[in-house]
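Worksheet for the structure shown next.
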Amino acid sequence: MSIFNSLIRLLSVFFLTCFSFSLALASDFHSPRTEALGGAGHAGSLLSDAIYLNPAAGSYIKSHSLSVNYQADSGNGHIFNASVLDGTEESLFQAGLSYTSRVDANLIHVGASKSILSKMGIGIGGKFIFPNDNSGQRVGDATFSAIGIFAKWFQASLVIDNIMETASGRGFLREYIIGTKINVDQIILVYIDPHYVPSLQNGQNQFGIEAGIEFPFFTDVFLRMGTFTSSMIPYQNQRGDGYGIGLGWLAPKISLDYSFSRVIGPTSSLAHTFGMTIYF
C-alpha cells in the first residue's frame, strides 16, 4: 500500500470516526464539470467530483486523483479548492478528502465508499464548516448515498444530504437528491437530478432540478451544458435558477476543465471556473 493511499484513508477514518455524529457531505463546491452541467451529475461523478456529489461513486472511479480548482464570480468572490481521492479497487474501501476556501467559510470534506455488489455501492461522508465570522464555531452534519449501475446505458443514485440539519441556519438543509445518468449510444450523456428540500418555507420551492448534457468528441474533448432550478449555488450560498456551459479535455494522466455559469435569479451573477486534475 502506497503512502498516498495510506494518508488518504488515515485522514478519512480519523474524521469519520471522531466526528461521526457531526458529519455532512454535500454539493457545497462545484467543479468546472459540475458547474457546466448545471449542478447535475450525481449518478455520474468523475474523479474528485464524487467527494461533493455522491461519495458512493468513489468505488467506481478506480484511480488516484489530485485536483485543484479556482472560481471567480462577478460579485468579486473567489473560491479555491484542492482535493485528493483514492478510488483504487485493491483498497479495503475508497476515500477522498478536500479543502475549500469560500468568502463565507472554509470547508473540509471527507467521504468513504464501498461497493457491496459489482454494480451497487454505498457511501458516507462529512463536511466541517468553519465560518469566516470570527466566531470560532465549527459546524457539521451527515449524509448517506447509494449508486446502482443497472445497465450500460443507465445508472442512478440516491443522496440524502444534511441528515441532522445541524447547520440549517446557514443554509445547509436536509435534501433528498435522485441522480440519473443516461448514455445515448456513447454520443450524448444525459443527467437529470431532481431534488426535494422539505424544510424550505415562506413560499420557497421545495422541489428543484439540475439537468445537463455532455457531448464526447474524439474520446478526449467534452462539451457540456446544463440548467438548474431552485438549486443551491455554492458561491452565493443560496438557492436560485440559472444555467452553465463548459469544455473539458481528458488526457492519459491529466484533465483540464473550464465552465461559465450564469445565475438569473434571485441574485443575478456570472462565474468562471477553472480546474486541473492529475490522475493515475
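Note on naming: chains are A, B, ... as they come in the C-alpha cells, residues start from 1 per chain, ligands start from 1 in the order shown.
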
Every residue of stretch 2-246 of chain A that DSSP places in strand (DSSP E or B), as a PyMOL selection string: chain A and resi 64-73+78-86+94-101+105-117+120-131+139-140+143-151+154-161+175-184+188-196+207-217+221-233+238-246

What's around A:Ser118 at 10 Å? Count only C-alpha atoms, leave out sequence neighbours fewer than 6 positions away in its own chain, and write the answer as a PyMOL selection string. chain A and resi 59-60+148-149

Need to verify the contact set: A:Lys152, 10 Å, only C-alpha atoms, exclusion of same-chain residues closer than 3 positions in sequence. Can you return it as a count of residues only? 7

Please report as CSV every residue of stretch 167-260 of chain A lying within 12 Å of stretch 92-114 of chain A, along with the nearest atom pair and their distance in Å (one decimal), using only C-alpha atoms.
residue,atom,partner,partner_atom,distance
A:Arg170,CA,A:Asp104,CA,9.9
A:Gly171,CA,A:Asp104,CA,11.6
A:Pro234,CA,A:Arg102,CA,8.7
A:Tyr235,CA,A:Arg102,CA,7.2
A:Gln236,CA,A:Asp104,CA,9.0
A:Asn237,CA,A:Asp104,CA,8.2
A:Gln238,CA,A:Asp104,CA,11.6

Could you turn the residues from that selection into a file that holds N, CA, C and O atoms, as a compact mmCIF listing (two decimals), in the first residue's frame?
# COMPACT_ATOMS: atom_id res chain seq x y z
N ARG A 170 -27.46 28.21 8.49
CA ARG A 170 -26.50 28.68 7.49
C ARG A 170 -26.83 28.15 6.09
O ARG A 170 -26.01 28.21 5.19
N GLY A 171 -28.04 27.62 5.93
CA GLY A 171 -28.49 27.19 4.62
C GLY A 171 -28.26 25.73 4.29
O GLY A 171 -28.61 25.28 3.19
N PRO A 234 -23.33 27.31 -4.73
CA PRO A 234 -22.32 27.36 -3.67
C PRO A 234 -21.68 28.73 -3.47
O PRO A 234 -21.49 29.15 -2.33
N TYR A 235 -21.36 29.43 -4.55
CA TYR A 235 -20.65 30.70 -4.36
C TYR A 235 -21.57 31.83 -3.90
O TYR A 235 -21.10 32.88 -3.45
N GLN A 236 -22.89 31.62 -3.96
CA GLN A 236 -23.82 32.59 -3.39
C GLN A 236 -24.38 32.11 -2.05
O GLN A 236 -24.95 32.91 -1.30
N ASN A 237 -24.21 30.82 -1.75
CA ASN A 237 -24.78 30.20 -0.56
C ASN A 237 -26.28 30.48 -0.44
O ASN A 237 -26.80 30.78 0.63
N GLN A 238 -26.98 30.37 -1.57
CA GLN A 238 -28.43 30.48 -1.60
C GLN A 238 -28.96 29.71 -2.80
O GLN A 238 -28.19 29.29 -3.67

Just the residues within 7 Å of A:Ile147, please, counting only C-alpha atoms, with nothing from its chain fewer than 5 positions along; format it as a PyMOL selection string. chain A and resi 43+56-57+120-122+156-158

Selection near stretch 249-261 of chain A, 8 Å with only C-alpha atoms, sequence-local residues under 3 positions removed, as a compact mmCIF listing (two decimals) with N, CA and C atoms, in the first residue's frame:
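The result, stored in result-v3.txt:
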# COMPACT_ATOMS: atom_id res chain seq x y z
N PRO A 32 -15.56 22.63 -12.36
CA PRO A 32 -15.97 23.15 -13.67
C PRO A 32 -16.93 22.21 -14.39
N ARG A 33 -16.71 20.90 -14.26
CA ARG A 33 -17.62 19.95 -14.91
C ARG A 33 -19.02 20.04 -14.32
N GLU A 35 -20.35 22.53 -12.61
CA GLU A 35 -20.91 23.85 -12.88
C GLU A 35 -21.47 23.92 -14.30
N ALA A 36 -20.74 23.35 -15.26
CA ALA A 36 -21.19 23.37 -16.65
C ALA A 36 -22.45 22.54 -16.84
N GLY A 38 -24.88 22.35 -14.82
CA GLY A 38 -25.97 22.92 -14.03
C GLY A 38 -26.11 22.32 -12.66
N ASP A 220 -11.71 12.47 -26.07
CA ASP A 220 -10.94 13.22 -25.08
C ASP A 220 -11.38 14.66 -24.90
N VAL A 221 -12.34 15.14 -25.68
CA VAL A 221 -12.85 16.51 -25.57
C VAL A 221 -14.35 16.44 -25.28
N PHE A 222 -14.80 17.25 -24.31
CA PHE A 222 -16.20 17.21 -23.89
C PHE A 222 -16.80 18.61 -23.91
N GLY A 242 -30.60 29.17 -12.99
CA GLY A 242 -29.58 29.62 -13.92
C GLY A 242 -29.16 28.53 -14.87
N TYR A 243 -28.00 28.71 -15.49
CA TYR A 243 -27.51 27.72 -16.46
C TYR A 243 -25.99 27.76 -16.51
N GLY A 244 -25.41 26.74 -17.14
CA GLY A 244 -23.96 26.67 -17.27
C GLY A 244 -23.57 26.07 -18.61
N ILE A 245 -22.32 26.29 -18.99
CA ILE A 245 -21.76 25.71 -20.21
C ILE A 245 -20.25 25.57 -20.00
N GLY A 246 -19.63 24.58 -20.62
CA GLY A 246 -18.20 24.41 -20.39
C GLY A 246 -17.56 23.40 -21.32
N LEU A 270 -22.43 36.13 -12.58
CA LEU A 270 -21.70 35.29 -13.52
C LEU A 270 -20.51 34.68 -12.80
N ALA A 271 -20.08 33.50 -13.25
CA ALA A 271 -18.91 32.86 -12.63
C ALA A 271 -18.11 32.10 -13.68
N HIS A 272 -16.78 32.16 -13.55
CA HIS A 272 -15.86 31.40 -14.38
C HIS A 272 -15.10 30.45 -13.46
N THR A 273 -15.03 29.17 -13.83
CA THR A 273 -14.36 28.17 -13.01
C THR A 273 -13.34 27.41 -13.84
N PHE A 274 -12.13 27.27 -13.30
CA PHE A 274 -11.05 26.56 -13.97
C PHE A 274 -10.59 25.41 -13.08
N GLY A 275 -10.25 24.28 -13.69
CA GLY A 275 -9.83 23.15 -12.90
C GLY A 275 -8.80 22.29 -13.61
N MET A 276 -7.93 21.67 -12.82
CA MET A 276 -6.94 20.72 -13.34
C MET A 276 -6.91 19.52 -12.40
N THR A 277 -6.92 18.33 -12.99
CA THR A 277 -6.85 17.10 -12.20
C THR A 277 -5.77 16.20 -12.77
N ILE A 278 -4.92 15.72 -11.88
CA ILE A 278 -3.92 14.72 -12.25
C ILE A 278 -4.39 13.40 -11.69
N TYR A 279 -4.41 12.36 -12.50
CA TYR A 279 -4.90 11.05 -12.02
C TYR A 279 -3.98 9.95 -12.52
N PHE A 280 -3.94 8.87 -11.75
CA PHE A 280 -3.05 7.76 -12.09
C PHE A 280 -3.51 6.48 -11.38

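Here atom CA of A:Phe29 stands at a distance of 24.9 Å from atom CA of A:Ile188.
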
With DSSP run on the backbone, what are the helix (DSSP H, G or I) residues within stretch 3-175 of chain A? I'd like them as a PyMOL selection string. chain A and resi 3-18+32-36+49-53+55-60+168-170

From the list A:Val197, A:Met225, A:Leu189, A:Leu53, which residue is nearest A:Tyr176 when using only C-alpha atoms? A:Val197

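Comparing the minimum interatomic distances between A:Lys119 and each of A:Val159, A:Ala151, A:Ala72, A:Ala142, counting only C-alpha atoms, we find that A:Ala151 sits nearest.
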
Which residue of A:Leu200, A:Ile233, A:Leu247, A:Val84 approaches A:Gly169 most closely, using only C-alpha atoms: A:Leu200

Out of A:Lys62, A:Phe144, A:Ala50, A:Gln201, which residue has the shortest atom-to-atom distance to A:Glu90 when counting only C-alpha atoms? A:Lys62

In Å to one decimal, how far is atom CA of A:Thr166 from atom CA of A:Gly140? 6.5 Å

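Comparing the minimum interatomic distances between A:Thr143 and each of A:Lys181, A:His195, A:Lys127, A:His42, counting only C-alpha atoms, we find that A:Lys127 sits nearest.
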
Do you know which residues are at most 7 Å from A:Ser230 counting only C-alpha atoms, after dropping those on the same chain fewer than 2 positions away, and could you put them as a VMD selection string? chain A and resid 205 208 to 209 228 232 239 to 241

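Nearest to A:Trp153 of all the residues A:Ser74, A:Gln204, A:Ser83, A:Gly44 is A:Gly44, counting only C-alpha atoms.
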